[in-house]
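Peer 1: Take a look at this one; I'll ask things after.
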Amino acid sequence: MEGDDTMKSKPPSHPNDAIPDTIAEAAAIWLARRDRGLNAAEQDAYLQWLHADPRHSQAVAQHAAALGRMMQLQEWQPGHDTEPNPHLFAPSRRPRLWLWSLGLAAAAALAVGLFLRTPAPIPAPAVAPRNYLHVNERLALPDGSRVELKDGSHLVVQYSDAERRVKLMGGEAHFSVWKDAARPFVVEVSGIEVRAVGTAFNVRLSDQAVEVLVTEGRVKVAQGSDTITPLLVSVRERAVVPLAATETPVVAPVTNDEIVSELAWQAPRLQFHETPLIEAVAEFNRLNRHQLVIGDPELNNLRIGGTFRPDNVEAFVRLLGTTLGVRAEAAGEDCTELRQGR
């Protein structure tokens with residue numbers, strides 16, 4: 001929090017009263033923290049702050065609504081239409097827009113953060129590439145819990161007064177659950193239930209099994225038919241529940257390196273497919289201190305493909321050399337020149 005004054009109780013206010021700047025600023029900070037995930041202490045502090053003054057929850061709601069409205073800008077791109085869009089800021093009729101608007105905001109914030117940390121680049125080829133940076137879809141659920149979905153995954157939210165239930169219809173997802181002992185959080189996937197109160201865990205559905213990896217707290221894993229004894233899975237443990245009834249579920253510890261490997265899909269990545277080298281180079285230059293310069297114009301339209309970590313310029317350059325024969329030469333402390341191989 002940015003100051004003790006944000007925690008002090010305020011007298012009740014009318015819903016239409018103007019919200020002071022100090023409260024609005026604190027709400028924006030809490031909204032950002034909530035989107036990236038709150039630990040147990042932050043959750044308690046956030047709840048206390050919300051209950052201290054009705055204007056606090058009003059300010060959070062206003063910020064969330066503003067983010068949702070801003071995300072609608074993606075639906076109107078002037079470059080694709082010469083006519084202004086009169087419905088750009090009209091109220092949206094699509095259900096649950098706000099469930100994913102914060103996830104889009106988080107993705108945008110990540111990209112902006114990279115831009116801000118990038119120093120003034122060394123002059124690079126003049127090109128205006130499209131954004132090849134790919135970030136997973138992130139959902140902010142109604143209770144403040146968060147979900148990050150791997151590509152191709154699908155989630156159905158079914159909240160009630162008794163429980164918070166979501167169905168993973170396929171793929172893989174990582175859940176950061178808001179603590180609420182009165183309403184357990186249940187992930188249902190292929191007849192398997194993963195039950196938690198306040199924790200973080202990853203669920204993956206494969207052709208053979210449901211895998212649950214716990215990264216914080218612990219969860220209970222059981223089948224809806226109760227044909228297996230519920231499994232307690234603690235932090236740094238993984239449960240594998242075979243879909244075949246004849247096979248036995250197992251719980252085993254995992255190392256930190258294994259956790260990093262299992263969750264590598266969460267990292268942002270650059271994805272190229274038949275992309276001109278000049279555009280790929282410009283995209284790496286946009287996100288990194290170390291700059292690449294194409295020394296031979298003949299390389300500009302060389303087509304490349306693959307998935308790369310945005311911060312791993314060296315691996316990208318090595319791949320160009322081993323697969324395409326592109327030669328790399330040092331051109332300064334933070335600059336590499338690319339030339340045709342001899």
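Residues are named by chain letter and number: chains run A, B, ... in the order of the structure tokens, numbers start at 1 in each chain, and ligands are numbered from 1 in the order shown.
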I'd like the contact shell of Val166 of chain A - 6 Å cut-off, only C-alpha atoms, skipping same-chain residues fewer than 3 positions apart - returned as a list in words.

Peer 2: Val156, Val157, Gln158 and Val187 of chain A

Peer 1: Among segment 122-189 of chain A, which residues carry a DSSP assignment of strand (DSSP E), reported as a PyMOL selection string?

Peer 2: chain A and resi 133-134+137-140+146-149+154-159+164-170+172-176+185-189

Peer 1: To one decimal place in Å, what is the distance between atom CA of Asn288 of chain A and atom CA of Pro268 of chain A?

Peer 2: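 Taking atom CA of Asn288 of chain A as the start and atom CA of Pro268 of chain A as the end point, the length is 13.9 Å.
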
Peer 1: Please list as a PyMOL selection string every residue within 8 Å of His134 of chain A, counting only C-alpha atoms and excluding residues in the same chain fewer than 6 positions away.

Peer 2: chain A and resi 268-271

Peer 1: Rounded to one decimal, what separation in Å do you get between atom CA of Gly306 of chain A and atom CA of Arg327 of chain A?

Peer 2: 18.9 Å

Peer 1: Can you pull out the residues contacting segment 254-263 of chain A? Cut-off 12 Å, using only C-alpha atoms, and skip same-chain residues under 2 positions away; I want them as a PyMOL selection string.

Peer 2: chain A and resi 148-150+172-175+201-204+211-216+233-239+251-252+265-268

Peer 1: Could you state the separation of atom CA of Leu168 of chain A and atom CA of Val189 of chain A in Å, given to one decimal place?

Peer 2: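 Rounded to one decimal, the two atoms are 5.2 Å apart.
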
Peer 1: Just checking: using only C-alpha atoms, which residue out of A:Pro184, A:Gly152, A:Gly321, A:Gly144 ends up closest to Gly170 of chain A?

Peer 2: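 Distance minimum relative to Gly170 of chain A lands on A:Gly152.
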
Peer 1: At a cut-off of 9 Å, using only C-alpha atoms, what residues contact Asp180 of chain A? Leave out same-chain residues fewer than 4 positions from it and give the result as an NGL selection string.

Peer 2: :A and (143 or 184-185 or 197-198)
